[in-house]
>>> print(open('final_15.txt').read())   # compact mmCIF, C-alpha atoms and all ligand atoms
# COMPACT_ATOMS: atom_id res chain seq x y z
CA MET A 1 30.31 42.72 23.60
CA THR A 2 26.84 42.38 22.11
CA GLN A 3 25.76 38.84 21.45
CA SER A 4 24.53 37.82 18.03
CA ILE A 5 22.68 34.66 17.13
CA SER A 6 24.17 34.62 13.64
CA ALA A 7 27.63 34.17 15.14
CA SER A 8 26.64 30.69 16.38
CA LYS A 9 28.35 27.72 14.84
CA ARG A 10 26.27 25.09 16.56
CA LEU A 11 22.91 26.24 17.83
CA VAL A 12 20.29 24.41 19.86
CA VAL A 13 16.84 26.01 19.67
CA LYS A 14 14.14 25.07 22.15
CA ILE A 15 10.58 25.73 21.08
CA GLY A 16 7.95 25.88 23.82
CA SER A 17 4.53 24.25 23.38
CA ALA A 18 2.61 27.51 23.51
CA LEU A 19 4.32 28.79 20.35
CA LEU A 20 3.70 25.82 18.17
CA ALA A 21 0.59 24.11 19.39
CA ASP A 22 -3.00 25.13 19.11
CA GLU A 23 -4.01 23.02 22.04
CA ARG A 24 -7.75 23.40 21.67
CA LYS A 25 -7.86 22.22 18.08
CA GLY A 26 -4.98 19.78 18.33
CA GLN A 27 -3.27 21.59 15.47
CA VAL A 28 0.21 22.82 14.73
CA ARG A 29 0.47 26.55 14.06
CA THR A 30 1.78 26.08 10.57
CA ARG A 31 2.36 29.75 9.74
CA TRP A 32 4.55 30.22 12.76
CA LEU A 33 6.37 26.99 11.95
CA GLY A 34 6.79 28.07 8.32
CA ALA A 35 8.57 31.22 9.47
CA LEU A 36 10.80 29.23 11.80
CA ALA A 37 11.70 26.85 8.98
CA ARG A 38 12.70 29.77 6.79
CA ASP A 39 14.90 31.22 9.55
CA VAL A 40 16.52 27.85 10.20
CA ALA A 41 17.22 27.33 6.50
CA GLN A 42 18.82 30.76 6.35
CA LEU A 43 21.06 30.07 9.33
CA LYS A 44 22.04 26.71 7.89
CA ALA A 45 22.87 28.29 4.55
CA ARG A 46 25.22 30.65 6.38
CA GLY A 47 26.98 27.71 8.00
CA THR A 48 25.28 27.40 11.40
CA GLN A 49 24.41 23.87 12.46
CA VAL A 50 20.95 23.83 13.99
CA VAL A 51 19.35 21.35 16.36
CA LEU A 52 15.75 21.84 17.46
CA VAL A 53 14.34 20.67 20.75
CA SER A 54 10.62 20.93 20.30
CA SER A 55 7.81 20.65 22.80
CA GLY A 56 4.21 20.46 21.79
CA ALA A 57 3.46 16.76 21.54
CA VAL A 58 1.28 16.60 24.64
CA ALA A 59 -0.47 19.88 23.86
CA ILE A 60 -1.32 18.84 20.30
CA GLY A 61 -2.23 15.30 21.31
CA ARG A 62 -4.67 16.56 23.94
CA GLY A 63 -6.64 18.37 21.30
CA LEU A 64 -6.48 15.46 18.89
CA LEU A 65 -7.76 12.98 21.44
CA GLY A 66 -10.25 15.31 23.10
CA LEU A 67 -8.49 15.23 26.47
CA ASP A 68 -9.43 18.67 27.68
CA ARG A 69 -9.33 18.33 31.47
CA PRO A 70 -6.55 20.54 32.86
CA LYS A 71 -4.87 17.72 34.73
CA LEU A 72 -4.24 14.47 32.91
CA ARG A 73 -3.22 11.13 34.35
CA LEU A 74 0.19 9.85 33.32
CA ASP A 75 -1.23 7.30 30.86
CA GLU A 76 -3.41 9.98 29.28
CA LYS A 77 -0.45 12.33 28.95
CA GLN A 78 1.51 9.56 27.31
CA ALA A 79 -1.34 8.79 24.96
CA ALA A 80 -1.52 12.48 24.09
CA ALA A 81 2.23 12.58 23.47
CA ALA A 82 2.00 9.54 21.21
CA ALA A 83 -0.71 11.10 19.09
CA GLY A 84 0.81 14.59 19.15
CA GLN A 85 4.41 13.63 18.40
CA ILE A 86 3.67 12.05 15.04
CA LYS A 87 1.70 15.10 13.98
CA LEU A 88 4.46 17.38 15.20
CA ALA A 89 7.15 15.42 13.37
CA HIS A 90 5.14 15.50 10.19
CA ALA A 91 4.64 19.26 10.46
CA TYR A 92 8.41 19.82 10.90
CA GLN A 93 9.18 17.57 7.99
CA ALA A 94 6.74 19.36 5.70
CA ALA A 95 7.87 22.84 6.77
CA LEU A 96 11.57 22.13 6.31
CA ALA A 97 11.18 20.12 3.11
CA ARG A 98 10.18 23.41 1.47
CA HIS A 99 13.76 24.54 2.11
CA ASP A 100 15.31 21.19 1.18
CA VAL A 101 16.28 20.49 4.76
CA SER A 102 15.97 16.87 5.91
CA VAL A 103 14.50 16.49 9.34
CA ALA A 104 15.41 13.62 11.65
CA GLN A 105 13.39 12.82 14.75
CA VAL A 106 15.30 11.93 17.91
CA LEU A 107 13.27 10.96 20.98
CA VAL A 108 15.30 10.73 24.17
CA THR A 109 14.72 9.81 27.78
CA LEU A 110 16.48 11.04 30.89
CA GLU A 111 18.68 7.95 30.91
CA ASP A 112 19.89 8.70 27.40
CA THR A 113 21.61 11.83 28.58
CA GLU A 114 22.61 10.66 32.06
CA GLU A 115 23.87 7.15 31.44
CA ARG A 116 27.27 7.11 29.79
CA ARG A 117 26.84 4.48 27.09
CA ARG A 118 23.50 5.80 25.96
CA TYR A 119 24.84 9.32 26.18
CA LEU A 120 27.65 8.41 23.81
CA ASN A 121 25.22 6.80 21.42
CA ALA A 122 22.82 9.73 21.46
CA ARG A 123 25.73 12.10 20.95
CA SER A 124 27.16 10.25 18.00
CA THR A 125 23.76 9.93 16.34
CA ILE A 126 23.24 13.69 16.56
CA GLU A 127 26.80 14.39 15.38
CA THR A 128 26.28 12.09 12.41
CA LEU A 129 23.01 13.75 11.47
CA LEU A 130 24.69 17.16 11.58
CA ARG A 131 27.57 15.93 9.49
CA LEU A 132 25.09 14.68 6.91
CA GLY A 133 23.39 18.07 6.84
CA ALA A 134 20.13 16.92 8.44
CA MET A 135 18.36 18.77 11.18
CA PRO A 136 17.66 16.79 14.34
CA VAL A 137 14.30 17.55 15.95
CA ILE A 138 14.49 16.30 19.52
CA ASN A 139 11.82 15.75 22.13
CA GLU A 140 11.56 13.67 25.25
CA ASN A 141 10.17 10.21 24.59
CA ASP A 142 7.11 11.00 26.66
CA THR A 143 5.24 7.83 25.77
CA VAL A 144 7.65 5.64 27.71
CA ALA A 145 9.02 8.04 30.30
CA THR A 146 7.44 7.65 33.73
CA ASN A 147 7.04 10.52 36.16
CA GLU A 148 10.05 9.61 38.27
CA ILE A 149 12.48 9.30 35.40
CA ARG A 150 11.53 12.04 33.06
CA TYR A 151 12.75 15.53 32.44
CA GLY A 152 9.23 16.76 32.12
CA ASP A 153 10.46 20.04 30.70
CA ASN A 154 12.39 20.65 27.55
CA ASP A 155 14.38 23.59 28.93
CA ARG A 156 16.66 21.31 30.87
CA LEU A 157 16.58 18.66 28.17
CA ALA A 158 17.70 21.25 25.60
CA ALA A 159 20.55 22.36 27.88
CA ARG A 160 21.70 18.76 28.30
CA VAL A 161 21.62 18.29 24.55
CA ALA A 162 23.57 21.52 24.03
CA ALA A 163 26.22 20.40 26.52
CA MET A 164 26.32 16.90 25.07
CA ILE A 165 27.11 18.09 21.54
CA SER A 166 29.29 21.05 22.64
CA ALA A 167 26.92 23.61 21.11
CA ASP A 168 28.07 27.22 21.47
CA THR A 169 24.55 28.70 21.72
CA LEU A 170 21.24 27.64 23.23
CA ALA A 171 18.11 29.67 22.52
CA LEU A 172 15.00 29.10 24.64
CA PHE A 173 11.87 30.46 23.02
CA SER A 174 8.69 30.55 25.04
CA THR A 175 6.20 33.14 26.20
CA ILE A 176 8.75 34.53 28.69
CA ASP A 177 10.78 37.42 27.30
CA GLY A 178 13.68 37.34 29.70
CA LEU A 179 14.81 37.42 33.29
CA TYR A 180 13.45 39.94 35.79
CA THR A 181 14.47 40.63 39.36
CA ALA A 182 10.97 39.48 40.38
CA ASP A 183 7.83 38.23 38.66
CA PRO A 184 6.81 41.20 36.45
CA GLY A 185 3.21 39.92 36.48
CA SER A 186 2.81 40.57 40.18
CA ASP A 187 5.59 42.99 41.09
CA PRO A 188 5.49 46.43 39.42
CA ASP A 189 9.06 47.13 40.58
CA ALA A 190 10.49 44.10 38.74
CA GLN A 191 13.58 45.09 36.77
CA PHE A 192 14.52 43.49 33.49
CA ILE A 193 18.02 41.95 33.25
CA PRO A 194 19.51 41.92 29.74
CA GLU A 195 22.69 39.97 30.49
CA VAL A 196 23.90 37.52 33.12
CA ARG A 197 27.52 36.47 33.44
CA LYS A 198 27.38 34.61 36.70
CA LEU A 199 24.61 32.53 38.20
CA THR A 200 24.83 33.93 41.69
CA PRO A 201 22.39 32.84 44.41
CA GLN A 202 20.61 36.20 43.91
CA ILE A 203 20.08 35.42 40.23
CA MET A 204 18.91 31.88 40.97
CA ALA A 205 16.43 33.27 43.50
CA MET A 206 14.84 35.45 40.80
CA ALA A 207 13.17 32.40 39.29
CA GLY A 208 10.43 32.40 41.94
CA ASP A 209 8.08 29.42 41.94
CA ALA A 210 7.18 27.11 39.10
CA PRO A 211 4.18 28.40 37.16
CA PRO A 212 0.71 26.91 37.58
CA GLY A 213 -1.18 25.24 34.77
CA TYR A 214 0.02 23.16 31.90
CA SER A 215 3.34 24.77 31.05
CA SER A 216 6.06 22.71 32.66
CA GLY A 217 8.83 25.26 32.24
CA GLY A 218 8.77 28.73 33.71
CA MET A 219 11.83 30.54 35.00
CA VAL A 220 12.92 27.80 37.38
CA THR A 221 13.78 25.30 34.66
CA LYS A 222 15.24 28.06 32.49
CA LEU A 223 17.75 29.04 35.14
CA GLU A 224 18.57 25.38 35.70
CA ALA A 225 19.13 25.13 31.97
CA ALA A 226 21.42 28.16 32.18
CA ARG A 227 23.50 26.45 34.84
CA VAL A 228 24.00 23.39 32.65
CA ALA A 229 24.70 25.46 29.53
CA LEU A 230 27.18 27.87 31.14
CA GLY A 231 28.97 24.95 32.79
CA ALA A 232 29.51 23.56 29.31
CA GLY A 233 30.76 26.88 27.92
CA CYS A 234 27.55 27.41 25.95
CA ARG A 235 25.88 30.83 25.95
CA MET A 236 22.13 30.88 26.33
CA VAL A 237 19.37 33.31 25.45
CA ILE A 238 15.78 33.49 26.67
CA ALA A 239 13.30 35.32 24.46
CA ASP A 240 9.62 35.59 23.71
CA GLY A 241 8.95 33.48 20.64
CA ARG A 242 5.30 34.24 20.00
CA LYS A 243 5.81 36.49 16.98
CA ALA A 244 6.87 34.76 13.77
CA HIS A 245 10.55 34.76 12.66
CA VAL A 246 11.99 34.37 16.14
CA LEU A 247 15.48 33.52 14.95
CA ARG A 248 15.72 36.15 12.24
CA ASP A 249 14.51 38.87 14.59
CA LEU A 250 16.24 37.82 17.79
CA ASP A 251 19.21 40.17 17.47
CA LYS A 252 16.95 43.19 17.11
CA ALA A 253 14.45 42.16 19.78
CA ALA A 254 14.29 44.76 22.53
CA ARG A 255 13.76 42.20 25.26
CA LYS A 256 15.83 39.06 25.75
CA THR A 257 18.30 37.87 28.35
CA TRP A 258 21.69 36.51 27.37
CA PHE A 259 23.59 34.25 29.74
CA VAL A 260 27.26 34.41 28.87
CA PRO A 261 29.80 31.76 29.95
CA GLU A 262 33.41 32.44 30.88
CA GLY A 263 35.01 30.01 28.44
CA SER A 264 34.23 28.25 25.18
CA PRO A 265 32.55 24.81 24.91
CA ARG A 266 35.89 23.41 23.87
CA ALA A 267 37.69 24.85 26.87
CA ALA A 268 34.92 23.62 29.19
CA ARG A 269 35.12 20.13 27.77
CA LYS A 270 38.90 20.01 27.96
CA HIS A 271 38.81 21.29 31.50
CA TRP A 272 36.28 18.62 32.37
CA ILE A 273 38.41 15.87 30.83
CA GLU A 274 41.54 17.13 32.51
CA ALA A 275 40.30 17.91 35.97
CA SER A 276 37.18 16.12 37.00
CA LEU A 277 37.64 12.54 35.92
CA LYS A 278 39.56 9.74 37.54
CA PRO A 279 41.41 7.85 34.83
CA THR A 280 41.19 4.10 35.30
CA GLY A 281 43.48 3.03 32.48
CA THR A 282 46.73 3.88 30.76
CA LEU A 283 47.81 3.72 27.14
CA THR A 284 51.48 3.83 26.20
CA VAL A 285 52.20 5.28 22.79
CA ASP A 286 55.18 5.24 20.41
CA ASP A 287 57.11 8.31 19.27
CA GLY A 288 55.19 8.66 16.02
CA ALA A 289 51.88 8.77 17.85
CA LEU A 290 53.26 11.23 20.39
CA LYS A 291 54.29 13.56 17.60
CA ALA A 292 50.85 13.27 16.02
CA LEU A 293 49.17 14.07 19.35
CA ARG A 294 51.35 17.12 19.89
CA GLY A 295 50.43 18.25 16.39
CA GLY A 296 46.74 18.20 17.31
CA LYS A 297 45.83 14.83 15.78
CA SER A 298 43.77 11.98 17.19
CA LEU A 299 45.33 8.90 18.75
CA LEU A 300 45.06 5.94 16.37
CA PRO A 301 45.28 2.30 17.49
CA ALA A 302 48.47 1.78 15.44
CA GLY A 303 50.50 4.04 17.76
CA VAL A 304 49.47 2.32 20.99
CA THR A 305 52.06 -0.11 22.35
CA LYS A 306 50.55 -1.05 25.69
CA VAL A 307 47.11 -0.99 27.34
CA GLU A 308 46.74 -1.21 31.12
CA GLY A 309 43.83 -1.05 33.53
CA ARG A 310 40.09 -1.57 33.32
CA PHE A 311 37.87 0.89 31.54
CA ASP A 312 34.76 1.18 29.48
CA ARG A 313 34.08 3.06 26.30
CA GLY A 314 33.95 6.76 27.14
CA ASP A 315 36.08 6.49 30.29
CA ALA A 316 39.05 8.74 30.92
CA VAL A 317 42.51 7.25 30.40
CA ILE A 318 46.06 8.53 30.77
CA VAL A 319 48.36 8.50 27.77
CA ARG A 320 52.08 7.93 28.48
CA ASP A 321 55.15 8.15 26.30
CA ARG A 322 57.71 5.33 26.01
CA ALA A 323 59.51 6.58 29.10
CA GLY A 324 56.30 6.42 31.13
CA ARG A 325 55.70 10.18 31.33
CA GLU A 326 52.09 11.34 31.20
CA VAL A 327 51.62 13.23 27.95
CA ALA A 328 47.86 13.44 27.60
CA ARG A 329 44.46 12.48 28.95
CA GLY A 330 41.40 11.60 27.01
CA LEU A 331 38.12 9.76 26.71
CA ILE A 332 38.72 6.44 25.03
CA ALA A 333 36.44 5.13 22.29
CA TYR A 334 36.86 1.47 23.27
CA ALA A 335 36.61 -0.71 26.38
CA ASP A 336 39.88 -2.17 27.66
CA ALA A 337 39.46 -5.64 26.10
CA GLU A 338 38.85 -4.10 22.69
CA ALA A 339 41.67 -1.59 23.12
CA ARG A 340 44.05 -4.49 23.85
CA LEU A 341 42.98 -6.23 20.67
CA LEU A 342 43.38 -3.09 18.58
CA ALA A 343 46.71 -1.83 19.96
CA GLY A 344 49.37 -1.70 17.28
CA HIS A 345 46.90 -2.30 14.47
CA LYS A 346 45.83 -0.14 11.57
CA SER A 347 42.36 1.41 11.76
CA ARG A 348 41.27 -0.48 8.66
CA GLU A 349 41.76 -3.74 10.55
CA ILE A 350 39.21 -2.77 13.22
CA GLN A 351 36.30 -4.46 11.52
CA GLU A 352 38.17 -7.75 11.23
CA LEU A 353 39.54 -7.66 14.77
CA LEU A 354 36.30 -6.71 16.54
CA GLY A 355 33.67 -7.99 14.18
CA TYR A 356 32.17 -4.51 13.81
CA ARG A 357 33.17 -1.19 12.38
CA GLY A 358 34.17 0.92 15.40
CA ARG A 359 35.69 4.38 15.39
CA ASP A 360 38.99 4.84 13.56
CA GLU A 361 40.50 6.65 16.51
CA MET A 362 41.36 5.17 19.87
CA ILE A 363 40.92 8.67 21.31
CA HIS A 364 39.43 11.33 19.10
CA ARG A 365 41.18 14.72 19.13
CA ASP A 366 38.03 16.35 20.51
CA ASP A 367 38.22 14.03 23.50
CA LEU A 368 41.92 14.57 24.12
CA VAL A 369 43.87 17.01 26.24
CA VAL A 370 47.56 16.98 25.32
CA HIS A 371 49.95 18.49 27.85
CA ASP A 372 52.27 20.96 26.10
CA GLY A 373 50.53 20.14 22.85
CA LYS A 374 49.11 22.45 20.27
CA ASP A 375 45.56 23.21 21.35
CA THR A 376 43.34 22.83 18.34
N1 LIG A 401 7.87 16.95 25.96
C1 LIG A 401 6.67 17.70 26.16
C2 LIG A 401 5.83 17.74 24.91
O1 LIG A 401 6.29 17.55 23.82
C3 LIG A 401 6.93 19.14 26.54
C4 LIG A 401 7.71 19.40 27.75
C5 LIG A 401 7.75 20.90 28.04
O2 LIG A 401 6.69 21.52 28.09
O3 LIG A 401 8.84 21.46 28.19
O4 LIG A 401 4.65 18.03 24.98
>>> encode(input="final_15.txt", output="structure tokens")
Amino acid sequence: MTQSISASKRLVVKIGSALLADERKGQVRTRWLGALARDVAQLKARGTQVVLVSSGAVAIGRGLLGLDRPKLRLDEKQAAAAAGQIKLAHAYQAALARHDVSVAQVLVTLEDTEERRRYLNARSTIETLLRLGAMPVINENDTVATNEIRYGDNDRLAARVAAMISADTLALFSTIDGLYTADPGSDPDAQFIPEVRKLTPQIMAMAGDAPPGYSSGGMVTKLEAARVALGAGCRMVIADGRKAHVLRDLDKAARKTWFVPEGSPRAARKHWIEASLKPTGTLTVDDGALKALRGGKSLLPAGVTKVEGRFDRGDAVIVRDRAGREVARGLIAYADAEARLLAGHKSREIQELLGYRGRDEMIHRDDLVVHDGKDT
């Protein structure tokens, strides 16, 4: 089956520095960005949710601050990122405002995607922005990240974001037009590979070494991104983004490599919930709640009759029926103490019981795997 970008429902687009930044002048390439904004607006109008992961802060900031040595110290890089990021954000805002798209800046660190609580917060912020029709523009928070605890490249960051929000497509635009059996720059026999369905050791070995110079990506991080994306059921494409209208023209581009996963993001997530987590708590539910779960609904606090075990928000729990049979597993939206307080209560009482407005659902349907239930 040929892959098409317009079939994406939730798309993460990674923009490499070289496309967007005129490093020497410390400027944003506004014409290129204008074309991207038009493409994004068109996709959004057709119902695709779009999230951008944009590099370029350090490259633009270097020019702005006159830091032109090839190798910068960490504090200089961070200073460059601080100066460049605000310019970058402004450029995105201006370009997308022309299409009435609101842009929202999200700066994340490695811990935000790797540590559970912060992961959940980052995820719900992005989900909320998408629900409100805004377009998140994400970058690493380079000004506070230190060398040891940073991504350093937005390929892997973009893949983490795509997995985190269950995106179905990740597009990596840079100056690399796809995957080759060897480096086409040095090996005349290098063969182009249009589609990858399995990340075999042979494929992983095709990345070669990380590139020299400023660019932090190269094929190594792109294949690592592919591993994360495919594991989350998200297809990924690598394409050269130097010409304007990268998104509009992607489907007709002669060169690009698609990485195609076996299952859907939903299936990957459900599999992950079902198989790879050790539940530390149990909720017992009444018959009404059980029926709702089997019908594909979320689990509300009102239907929970008993809470056992110790768990945190986002942990996996087992759901049992009145007779003690396991009927479902899911990721709970509350820690055990809160879940105990909420059990048996209506969602509208949450604010009064907890002192803050938490989620209406004890376990959201997206975070739930119901055995013998209707899979929605
Ligand atoms: N976060 C870096 C920046 O905005 C880019 C990282 C990368 O090159 O992938 O400059």
>>> residues_around(input="final_15.txt", residues="Thr109 in chain A", least_positions_apart="6", cutoff="8 Å", atoms="all atoms listed in the file", output="PyMOL selection string")
chain A and resi 140-142+145+149-151
>>> closest_atom_pairs(input="final_15.txt", of="chain A", to="ligand LIG 401 (chain A)", cutoff="8 Å", atoms="all atoms listed in the file", output="tab-separated table")
residue	atom	partner	partner_atom	distance
A:Gly16	CA	A:LIG401	O2	6.2
A:Ser17	CA	A:LIG401	O2	5.9
A:Ser54	CA	A:LIG401	O1	6.5
A:Ser55	CA	A:LIG401	O1	3.6
A:Gly56	CA	A:LIG401	O4	4.0
A:Ala57	CA	A:LIG401	O1	3.7
A:Val58	CA	A:LIG401	O4	3.7
A:Ala59	CA	A:LIG401	O4	5.6
A:Ile60	CA	A:LIG401	O4	7.6
A:Ala81	CA	A:LIG401	O4	6.2
A:Gly84	CA	A:LIG401	O4	7.8
A:Gln85	CA	A:LIG401	O1	6.9
A:Asn139	CA	A:LIG401	N1	5.6
A:Glu140	CA	A:LIG401	N1	5.0
A:Asn141	CA	A:LIG401	N1	7.3
A:Asp142	CA	A:LIG401	N1	6.0
A:Tyr151	CA	A:LIG401	C4	7.9
A:Gly152	CA	A:LIG401	C4	5.3
A:Asp153	CA	A:LIG401	O3	3.3
A:Asn154	CA	A:LIG401	O3	3.7
A:Asp155	CA	A:LIG401	O3	6.0
A:Tyr214	CA	A:LIG401	O2	7.9
A:Ser215	CA	A:LIG401	O2	5.5
A:Ser216	CA	A:LIG401	O2	4.8
A:Gly217	CA	A:LIG401	O3	5.6
>>> write_last_selection(input="final_15.txt", atoms="C-alpha atoms", output="compact mmCIF listing (two decimals), in the coordinates of the input")
# COMPACT_ATOMS: atom_id res chain seq x y z
CA GLY A 16 7.95 25.88 23.82
CA SER A 17 4.53 24.25 23.38
CA SER A 54 10.62 20.93 20.30
CA SER A 55 7.81 20.65 22.80
CA GLY A 56 4.21 20.46 21.79
CA ALA A 57 3.46 16.76 21.54
CA VAL A 58 1.28 16.60 24.64
CA ALA A 59 -0.47 19.88 23.86
CA ILE A 60 -1.32 18.84 20.30
CA ALA A 81 2.23 12.58 23.47
CA GLY A 84 0.81 14.59 19.15
CA GLN A 85 4.41 13.63 18.40
CA ASN A 139 11.82 15.75 22.13
CA GLU A 140 11.56 13.67 25.25
CA ASN A 141 10.17 10.21 24.59
CA ASP A 142 7.11 11.00 26.66
CA TYR A 151 12.75 15.53 32.44
CA GLY A 152 9.23 16.76 32.12
CA ASP A 153 10.46 20.04 30.70
CA ASN A 154 12.39 20.65 27.55
CA ASP A 155 14.38 23.59 28.93
CA TYR A 214 0.02 23.16 31.90
CA SER A 215 3.34 24.77 31.05
CA SER A 216 6.06 22.71 32.66
CA GLY A 217 8.83 25.26 32.24
>>> closest_residue(input="final_15.txt", among="A:Ser4, A:Ser166, A:Thr284, A:Gln27", to="Pro265 in chain A", atoms="only C-alpha atoms")
A:Ser166
>>> atom_distance(input="final_15.txt", atom1="CA of Thr257 in chain A", atom2="CA of Val196 in chain A")
7.4 Å
>>> residues_around(input="final_15.txt", residues="Trp258 in chain A", least_positions_apart="6", cutoff="12 Å", atoms="only C-alpha atoms", output="PDB file with C-alpha atoms, in the frame of the given file")
ATOM      1  CA  MET A   1      30.310  42.720  23.600  1.00  0.00           C
ATOM      2  CA  THR A   2      26.840  42.380  22.110  1.00  0.00           C
ATOM      3  CA  GLN A   3      25.760  38.840  21.450  1.00  0.00           C
ATOM      4  CA  SER A   4      24.530  37.820  18.030  1.00  0.00           C
ATOM      5  CA  ILE A   5      22.680  34.660  17.130  1.00  0.00           C
ATOM      6  CA  THR A 169      24.550  28.700  21.720  1.00  0.00           C
ATOM      7  CA  LEU A 170      21.240  27.640  23.230  1.00  0.00           C
ATOM      8  CA  ALA A 171      18.110  29.670  22.520  1.00  0.00           C
ATOM      9  CA  LEU A 172      15.000  29.100  24.640  1.00  0.00           C
ATOM     10  CA  ASP A 177      10.780  37.420  27.300  1.00  0.00           C
ATOM     11  CA  GLY A 178      13.680  37.340  29.700  1.00  0.00           C
ATOM     12  CA  LEU A 179      14.810  37.420  33.290  1.00  0.00           C
ATOM     13  CA  PHE A 192      14.520  43.490  33.490  1.00  0.00           C
ATOM     14  CA  ILE A 193      18.020  41.950  33.250  1.00  0.00           C
ATOM     15  CA  PRO A 194      19.510  41.920  29.740  1.00  0.00           C
ATOM     16  CA  GLU A 195      22.690  39.970  30.490  1.00  0.00           C
ATOM     17  CA  VAL A 196      23.900  37.520  33.120  1.00  0.00           C
ATOM     18  CA  ARG A 197      27.520  36.470  33.440  1.00  0.00           C
ATOM     19  CA  LYS A 198      27.380  34.610  36.700  1.00  0.00           C
ATOM     20  CA  LEU A 199      24.610  32.530  38.200  1.00  0.00           C
ATOM     21  CA  LYS A 222      15.240  28.060  32.490  1.00  0.00           C
ATOM     22  CA  LEU A 223      17.750  29.040  35.140  1.00  0.00           C
ATOM     23  CA  ALA A 226      21.420  28.160  32.180  1.00  0.00           C
ATOM     24  CA  ALA A 229      24.700  25.460  29.530  1.00  0.00           C
ATOM     25  CA  LEU A 230      27.180  27.870  31.140  1.00  0.00           C
ATOM     26  CA  CYS A 234      27.550  27.410  25.950  1.00  0.00           C
ATOM     27  CA  ARG A 235      25.880  30.830  25.950  1.00  0.00           C
ATOM     28  CA  MET A 236      22.130  30.880  26.330  1.00  0.00           C
ATOM     29  CA  VAL A 237      19.370  33.310  25.450  1.00  0.00           C
ATOM     30  CA  ILE A 238      15.780  33.490  26.670  1.00  0.00           C
ATOM     31  CA  ALA A 239      13.300  35.320  24.460  1.00  0.00           C
ATOM     32  CA  LEU A 250      16.240  37.820  17.790  1.00  0.00           C
ATOM     33  CA  ASP A 251      19.210  40.170  17.470  1.00  0.00           C
TER      34      ASP A 251
END
>>> closest_residue(input="final_15.txt", among="A:Leu11, A:Ala167, A:Leu300, A:Ala95", to="Ser264 in chain A", atoms="only C-alpha atoms")
A:Ala167
>>> atom_distance(input="final_15.txt", atom1="CA of Leu342 in chain A", atom2="CA of Asp112 in chain A")
27.7 Å
>>> atom_distance(input="final_15.txt", atom1="CA of Arg365 in chain A", atom2="CA of Ala289 in chain A")
12.3 Å
>>> closest_residue(input="final_15.txt", among="A:Asp22, A:Asp372, A:Asp321, A:Glu361", to="Leu64 in chain A", atoms="all atoms listed in the file")
A:Asp22
>>> closest_residue(input="final_15.txt", among="A:Met135, A:Asp189, A:Asp183, A:Leu107", to="Met206 in chain A", atoms="all atoms listed in the file")
A:Asp183
>>> closest_residue(input="final_15.txt", among="A:Thr113, A:Thr305, A:Thr280, A:Ser8", to="Leu341 in chain A", atoms="all atoms listed in the file")
A:Thr305
>>> residues_near_point(input="final_15.txt", point="(41.6, 3.9, 33.5)", cutoff="8 Å", atoms="all atoms listed in the file", output="list in words")
Lys278, Pro279, Thr280, Gly281, Thr282, Glu308, Gly309, Arg310, Phe311, Asp315, Ala316, Val317 and Ile318 of chain A
>>> write_last_selection(input="final_15.txt", atoms="C-alpha atoms", output="PDB file, keeping the file's coordinate frame")
ATOM      1  CA  LYS A 278      39.560   9.740  37.540  1.00  0.00           C
ATOM      2  CA  PRO A 279      41.410   7.850  34.830  1.00  0.00           C
ATOM      3  CA  THR A 280      41.190   4.100  35.300  1.00  0.00           C
ATOM      4  CA  GLY A 281      43.480   3.030  32.480  1.00  0.00           C
ATOM      5  CA  THR A 282      46.730   3.880  30.760  1.00  0.00           C
ATOM      6  CA  GLU A 308      46.740  -1.210  31.120  1.00  0.00           C
ATOM      7  CA  GLY A 309      43.830  -1.050  33.530  1.00  0.00           C
ATOM      8  CA  ARG A 310      40.090  -1.570  33.320  1.00  0.00           C
ATOM      9  CA  PHE A 311      37.870   0.890  31.540  1.00  0.00           C
ATOM     10  CA  ASP A 315      36.080   6.490  30.290  1.00  0.00           C
ATOM     11  CA  ALA A 316      39.050   8.740  30.920  1.00  0.00           C
ATOM     12  CA  VAL A 317      42.510   7.250  30.400  1.00  0.00           C
ATOM     13  CA  ILE A 318      46.060   8.530  30.770  1.00  0.00           C
TER      14      ILE A 318
END
>>> residues_around(input="final_15.txt", residues="Leu368 in chain A", least_positions_apart="2", cutoff="8 Å", atoms="only C-alpha atoms", output="MDAnalysis selection string")
chainID A and resid 270 273 298 328:331 363:366 370
>>> closest_residue(input="final_15.txt", among="A:Lys71, A:Arg38, A:Arg248, A:Arg325", to="Leu290 in chain A", atoms="only C-alpha atoms")
A:Arg325
>>> axis_aligned_box(input="final_15.txt", around="range 178-185 of chain A", padding_each_side="8 Å", output="AutoDock Vina command-line options")
--center_x 9.0 --center_y 39.3 --center_z 35.0 --size_x 27.6 --size_y 19.9 --size_z 26.7
